[in-house]
file input-v3.pdb (PDB, C-alpha atoms)
ATOM      1  CA  MET A 271      21.352  65.990 -32.525
ATOM      2  CA  SER A 272      23.073  62.783 -32.682
ATOM      3  CA  GLU A 273      24.575  61.392 -29.600
ATOM      4  CA  THR A 274      27.447  59.049 -29.692
ATOM      5  CA  LEU A 275      27.470  55.861 -27.685
ATOM      6  CA  SER A 276      30.602  54.143 -26.710
ATOM      7  CA  LEU A 277      30.622  50.551 -25.413
ATOM      8  CA  THR A 278      33.472  48.729 -23.908
ATOM      9  CA  LYS A 279      34.049  45.012 -24.357
ATOM     10  CA  ALA A 280      32.805  44.420 -20.800
ATOM     11  CA  ASP A 281      29.588  46.365 -21.503
ATOM     12  CA  LEU A 282      28.972  44.357 -24.660
ATOM     13  CA  ALA A 283      29.675  41.083 -22.810
ATOM     14  CA  ASP A 284      27.185  42.067 -20.083
ATOM     15  CA  ILE A 285      24.485  42.864 -22.677
ATOM     16  CA  VAL A 286      25.027  39.564 -24.520
ATOM     17  CA  SER A 287      25.104  37.628 -21.249
ATOM     18  CA  ALA A 288      21.850  39.179 -20.080
ATOM     19  CA  ALA A 289      20.203  38.447 -23.438
ATOM     20  CA  VAL A 290      21.331  34.810 -23.340
ATOM     21  CA  LYS A 291      20.095  34.400 -19.750
ATOM     22  CA  ALA A 292      16.717  35.858 -20.701
ATOM     23  CA  ALA A 293      16.455  33.570 -23.733
ATOM     24  CA  VAL A 294      17.353  30.488 -21.682
ATOM     25  CA  ALA A 295      14.867  31.422 -18.947
ATOM     26  CA  GLU A 296      12.134  31.913 -21.551
ATOM     27  CA  SER A 297      12.909  28.582 -23.215
ATOM     28  CA  LYS A 298      12.666  26.747 -19.875
ATOM     29  CA  LYS A 299       9.155  28.000 -19.230
ATOM     30  CA  GLU A 300       6.587  25.269 -19.745
ATOM     31  CA  ALA A 301       3.999  25.815 -22.387
ATOM     32  CA  PRO A 302       0.465  26.088 -21.058
ATOM     33  CA  LEU A 303      -1.488  22.829 -21.125
ATOM     34  CA  THR A 304      -3.879  22.269 -23.957
ATOM     35  CA  ALA A 305      -7.498  21.388 -23.280
ATOM     36  CA  LYS A 306      -6.805  17.774 -24.326
ATOM     37  CA  GLN A 307      -3.835  17.504 -21.944
ATOM     38  CA  GLU A 308      -5.930  18.874 -19.084
ATOM     39  CA  ALA A 309      -8.721  16.410 -19.906
ATOM     40  CA  ASP A 310      -6.228  13.517 -20.024
ATOM     41  CA  ILE A 311      -4.821  14.501 -16.631
ATOM     42  CA  GLN A 312      -8.302  14.793 -15.144
ATOM     43  CA  GLN A 313      -9.291  11.393 -16.565
ATOM     44  CA  ALA A 314      -6.126   9.766 -15.173
ATOM     45  CA  GLN A 315      -6.778  11.257 -11.729
ATOM     46  CA  GLU A 316     -10.383  10.007 -11.754
ATOM     47  CA  TYR A 317      -9.188   6.537 -12.812
ATOM     48  CA  ARG A 318      -6.637   6.400  -9.979
ATOM     49  CA  LYS A 319      -9.267   7.537  -7.477
ATOM     50  CA  ALA A 320     -11.752   4.894  -8.666
ATOM     51  CA  LEU A 321      -9.059   2.212  -8.620
ATOM     52  CA  GLY A 322      -8.069   3.173  -5.076
ATOM     53  CA  GLU A 323     -11.696   3.031  -3.940
ATOM     54  CA  ASP A 324     -12.048  -0.432  -5.524
ATOM     55  CA  VAL A 325      -8.946  -1.684  -3.733
ATOM     56  CA  ILE A 326     -10.186  -0.330  -0.397
ATOM     57  CA  ARG A 327     -13.628  -1.857  -0.996
ATOM     58  CA  GLY A 328     -12.006  -5.227  -1.807
ATOM     59  CA  ILE A 329      -9.943  -5.134   1.392
ATOM     60  CA  GLU A 330     -13.036  -4.273   3.450
ATOM     61  CA  GLU A 331     -15.009  -7.121   1.825
ATOM     62  CA  GLN A 332     -12.180  -9.577   2.534
ATOM     63  CA  LYS A 333     -12.060  -8.458   6.175
ATOM     64  CA  ALA A 334     -15.854  -8.894   6.456
ATOM     65  CA  LYS A 335     -15.612 -12.435   5.020
ATOM     66  CA  GLN A 336     -12.837 -13.222   7.484
ATOM     67  CA  ARG A 337     -14.960 -11.996  10.402
ATOM     68  CA  MET A 338     -17.925 -14.127   9.263
ATOM     69  CA  CYS A 339     -15.858 -17.271   8.630
ATOM     70  CA  SER A 340     -16.325 -20.005  11.230
ATOM     71  CA  HIS A 341     -12.904 -21.468  10.300
ATOM     72  CA  GLU A 342     -14.512 -24.926  10.473
ATOM     73  CA  HIS A 343     -15.984 -27.430   8.043
ATOM     74  CA  SER A 344     -19.725 -27.901   8.192
ATOM     75  CA  LYS A 345     -21.141 -30.681  10.372
ATOM     76  CA  LYS A 346     -22.431 -32.388   7.193
ATOM     77  CA  ALA A 347     -18.855 -32.500   5.905
ATOM     78  CA  GLY A 348     -17.687 -34.176   9.105
ATOM     79  CA  GLY A 349     -16.659 -31.066  11.023
ATOM     80  CA  GLY A 350     -13.033 -30.225  11.616
ATOM     81  CA  THR A 351     -11.055 -27.095  11.029
ATOM     82  CA  HIS A 352      -9.794 -25.196   8.003
ATOM     83  CA  CYS A 353      -6.943 -23.919  10.148
ATOM     84  CA  VAL A 354      -3.310 -24.809  10.577
ATOM     85  CA  HIS A 355      -0.836 -23.604  13.168
ATOM     86  CA  VAL A 356       2.261 -22.039  11.631
ATOM     87  CA  LYS A 357       5.400 -21.921  13.756
ATOM     88  CA  GLU A 358       7.843 -19.073  13.278
ATOM     89  CA  SER A 359      11.621 -18.983  13.612
ATOM     90  CA  ASP A 360      11.513 -16.489  16.513
ATOM     91  CA  PRO A 361      11.452 -18.610  19.694
ATOM     92  CA  ARG A 362       9.437 -15.918  21.525
ATOM     93  CA  SER A 363       6.640 -16.182  18.978
ATOM     94  CA  PRO A 364       3.785 -18.597  19.543
ATOM     95  CA  GLY A 365       3.236 -18.572  15.768
ATOM     96  CA  TYR A 366      -0.133 -17.921  14.228
ATOM     97  CA  ILE A 367      -3.220 -19.774  13.097
ATOM     98  CA  LEU A 368      -3.913 -19.610   9.365
ATOM     99  CA  CYS A 369      -7.425 -20.312   8.130
ATOM    100  CA  GLN A 370      -6.965 -21.877   4.717
ATOM    101  CA  LEU A 371     -10.500 -20.927   3.704
ATOM    102  CA  CYS A 372     -10.563 -17.179   4.379
ATOM    103  CA  ARG A 373      -6.759 -16.631   4.588
ATOM    104  CA  VAL A 374      -6.895 -14.827   7.948
ATOM    105  CA  ARG A 375      -3.899 -14.954  10.283
ATOM    106  CA  VAL A 376      -4.986 -15.121  13.928
ATOM    107  CA  ARG A 377      -2.366 -14.189  16.501
ATOM    108  CA  PRO A 378      -2.457 -13.802  20.273
ATOM    109  CA  GLU A 379      -2.599 -10.233  21.547
ATOM    110  CA  LEU A 380       1.096  -9.440  22.008
ATOM    111  CA  GLU A 381       2.158  -5.777  21.805
ATOM    112  CA  TRP A 382       5.529  -6.427  20.160
ATOM    113  CA  MET A 383       3.966  -8.616  17.500
ATOM    114  CA  MET A 384       1.281  -6.107  16.477
ATOM    115  CA  ALA A 385       3.953  -3.871  14.991
ATOM    116  CA  LEU A 386       5.466  -6.758  13.010
ATOM    117  CA  ASP A 387       2.195  -8.009  11.486
ATOM    118  CA  PRO A 388      -0.388  -5.198  11.496
ATOM    119  CA  THR A 389      -2.778  -6.936   9.069
ATOM    120  CA  ALA A 390      -3.330 -10.030  11.229
ATOM    121  CA  GLU A 391      -6.277 -10.445  13.565
ATOM    122  CA  TYR A 392      -5.279 -10.286  17.221
ATOM    123  CA  ASN A 393      -7.645 -12.205  19.458
ATOM    124  CA  ASN A 394      -6.485 -14.377  22.387
ATOM    125  CA  GLU A 395      -9.750 -16.289  22.756
ATOM    126  CA  LEU A 396      -9.991 -17.156  19.048
ATOM    127  CA  PHE A 397      -6.287 -18.021  18.863
ATOM    128  CA  ASN A 398      -6.565 -20.405  21.830
ATOM    129  CA  ARG A 399      -9.716 -22.099  20.498
ATOM    130  CA  LEU A 400      -8.288 -22.561  17.010
ATOM    131  CA  PHE A 401      -4.920 -23.667  18.408
ATOM    132  CA  GLN A 402      -6.642 -26.431  20.358
ATOM    133  CA  ASP A 403      -8.508 -27.523  17.212
ATOM    134  CA  CYS A 404      -5.257 -27.604  15.249
ATOM    135  CA  ALA A 405      -3.408 -29.499  17.964
ATOM    136  CA  ASP A 406      -6.193 -32.101  18.167
ATOM    137  CA  THR A 407      -6.172 -32.782  14.433
ATOM    138  CA  GLY A 408      -2.427 -32.654  13.944
ATOM    139  CA  ASN A 409      -2.659 -29.653  11.574
ATOM    140  CA  ILE A 410       0.538 -28.032  12.807
ATOM    141  CA  LEU A 411       2.963 -26.671  10.251
ATOM    142  CA  GLY A 412       6.467 -25.423  10.817
TER     143      GLY A 412
END
call {"tool": "encode", "arguments": {"input": "input-v3.pdb", "output": "structure tokens"}}
result
Amino acid sequence: MSETLSLTKADLADIVSAAVKAAVAESKKEAPLTAKQEADIQQAQEYRKALGEDVIRGIEEQKAKQRMCSHEHSKKAGGGTHCVHVKESDPRSPGYILCQLCRVRVRPELEWMMALDPTAEYNNELFNRLFQDCADTGNILG
């Protein structure tokens, strides 16, 4: 009982096309990761996490030092300020006070400025006190 099978050119083209598509799809599949590759990925992720935590810790320590800084020389050293007033090109801006010891930028509490310099410290009282110290000593830059 032999059956005959007849294929047209279109049938044969469809079969070949389907086989090629299946082969291409199979070749595009990624091979499963080896144990070493998984370990390398895990180690890299742990390293990035530790590095990120170190950076955050460093930023927090710098902020703590800036909060503790008096922005002034000791009385034994003759007193005076570590700060300078920096003028900016925007005529609306009162500028900022830069402590050269702890590198903090002190700005007055202005809403529009907080968006432009989010890492500065905004404190009207401190800005005014340091501004007066800078103006008295002539430490005005700009």
call {"tool": "atom_distance", "arguments": {"input": "input-v3.pdb", "atom1": "atom CA of Gly365 of chain A", "atom2": "atom CA of Pro378 of chain A"}}
result
8.7 Å
call {"tool": "closest_residue", "arguments": {"input": "input-v3.pdb", "among": "A:Lys299, A:Leu371, A:Leu321, A:Ala283", "to": "His352 of chain A", "atoms": "all atoms listed in the file"}}
result
A:Leu371
call {"tool": "atom_distance", "arguments": {"input": "input-v3.pdb", "atom1": "atom CA of Glu273 of chain A", "atom2": "atom CA of Ala292 of chain A"}}
result
28.2 Å
call {"tool": "resolve_selection", "arguments": {"input": "input-v3.pdb", "expression": "the PyMOL selection byres ((chain A and resi 336) around 10)", "output": "PDB file with C-alpha atoms, in the frame of the given file"}}
result
ATOM      1  CA  GLU A 330     -13.036  -4.273   3.450  1.00  0.00           C
ATOM      2  CA  GLU A 331     -15.009  -7.121   1.825  1.00  0.00           C
ATOM      3  CA  GLN A 332     -12.180  -9.577   2.534  1.00  0.00           C
ATOM      4  CA  LYS A 333     -12.060  -8.458   6.175  1.00  0.00           C
ATOM      5  CA  ALA A 334     -15.854  -8.894   6.456  1.00  0.00           C
ATOM      6  CA  LYS A 335     -15.612 -12.435   5.020  1.00  0.00           C
ATOM      7  CA  ARG A 337     -14.960 -11.996  10.402  1.00  0.00           C
ATOM      8  CA  MET A 338     -17.925 -14.127   9.263  1.00  0.00           C
ATOM      9  CA  CYS A 339     -15.858 -17.271   8.630  1.00  0.00           C
ATOM     10  CA  SER A 340     -16.325 -20.005  11.230  1.00  0.00           C
ATOM     11  CA  HIS A 341     -12.904 -21.468  10.300  1.00  0.00           C
ATOM     12  CA  CYS A 369      -7.425 -20.312   8.130  1.00  0.00           C
ATOM     13  CA  LEU A 371     -10.500 -20.927   3.704  1.00  0.00           C
ATOM     14  CA  CYS A 372     -10.563 -17.179   4.379  1.00  0.00           C
ATOM     15  CA  ARG A 373      -6.759 -16.631   4.588  1.00  0.00           C
ATOM     16  CA  VAL A 374      -6.895 -14.827   7.948  1.00  0.00           C
ATOM     17  CA  ARG A 375      -3.899 -14.954  10.283  1.00  0.00           C
ATOM     18  CA  GLU A 391      -6.277 -10.445  13.565  1.00  0.00           C
TER      19      GLU A 391
END
call {"tool": "closest_residue", "arguments": {"input": "input-v3.pdb", "among": "A:Lys319, A:Tyr366, A:Asn393, A:Thr274", "to": "Glu379 of chain A", "atoms": "only C-alpha atoms"}}
result
A:Asn393
call {"tool": "decode", "arguments": {"input": "input-v3.pdb", "residues": "segment 341-360 of chain A", "atoms": "N, CA and C atoms", "output": "CSV table (one decimal), in the first residue's frame"}}
result
chain,number,residue,atom,x,y,z
A,341,HIS,N,32.6,77.4,59.8
A,341,HIS,CA,32.9,78.3,58.7
A,341,HIS,C,33.8,79.5,59.1
A,342,GLU,N,34.5,79.3,60.2
A,342,GLU,CA,35.4,80.4,60.7
A,342,GLU,C,36.7,79.8,61.2
A,343,HIS,N,37.7,80.6,61.2
A,343,HIS,CA,39.0,80.2,61.7
A,343,HIS,C,38.9,80.2,63.2
A,344,SER,N,39.8,79.5,63.9
A,344,SER,CA,39.7,79.4,65.3
A,344,SER,C,40.2,80.8,65.9
A,345,LYS,N,39.8,81.1,67.1
A,345,LYS,CA,40.2,82.3,67.8
A,345,LYS,C,41.8,82.4,67.9
A,346,LYS,N,42.4,81.2,68.1
A,346,LYS,CA,43.9,81.2,68.2
A,346,LYS,C,44.5,81.6,66.9
A,347,ALA,N,43.8,81.3,65.8
A,347,ALA,CA,44.4,81.6,64.5
A,347,ALA,C,44.0,83.0,64.1
A,348,GLY,N,43.4,83.8,65.0
A,348,GLY,CA,43.1,85.2,64.7
A,348,GLY,C,41.6,85.4,64.2
A,349,GLY,N,40.8,84.3,64.2
A,349,GLY,CA,39.4,84.5,63.8
A,349,GLY,C,39.3,84.7,62.3
A,350,GLY,N,38.2,85.2,61.9
A,350,GLY,CA,37.9,85.4,60.5
A,350,GLY,C,37.1,84.2,59.9
A,351,THR,N,36.9,84.3,58.6
A,351,THR,CA,36.0,83.4,58.0
A,351,THR,C,36.7,82.6,56.9
A,352,HIS,N,36.2,81.4,56.7
A,352,HIS,CA,36.7,80.6,55.6
A,352,HIS,C,35.9,80.8,54.3
A,353,CYS,N,34.9,81.7,54.4
A,353,CYS,CA,33.9,81.9,53.4
A,353,CYS,C,34.2,83.1,52.4
A,354,VAL,N,33.7,82.9,51.2
A,354,VAL,CA,33.7,84.0,50.2
A,354,VAL,C,32.3,84.1,49.6
A,355,HIS,N,32.0,85.3,49.2
A,355,HIS,CA,30.7,85.5,48.6
A,355,HIS,C,30.9,85.4,47.1
A,356,VAL,N,30.2,84.6,46.4
A,356,VAL,CA,30.3,84.4,44.9
A,356,VAL,C,29.1,85.0,44.3
A,357,LYS,N,29.4,86.0,43.4
A,357,LYS,CA,28.3,86.6,42.6
A,357,LYS,C,28.0,85.8,41.4
A,358,GLU,N,26.8,85.8,41.0
A,358,GLU,CA,26.4,85.1,39.8
A,358,GLU,C,25.9,86.1,38.7
A,359,SER,N,25.9,85.6,37.5
A,359,SER,CA,25.6,86.4,36.3
A,359,SER,C,24.1,86.8,36.3
A,360,ASP,N,23.2,86.1,36.9
A,360,ASP,CA,21.8,86.4,37.0
A,360,ASP,C,21.6,87.6,37.9
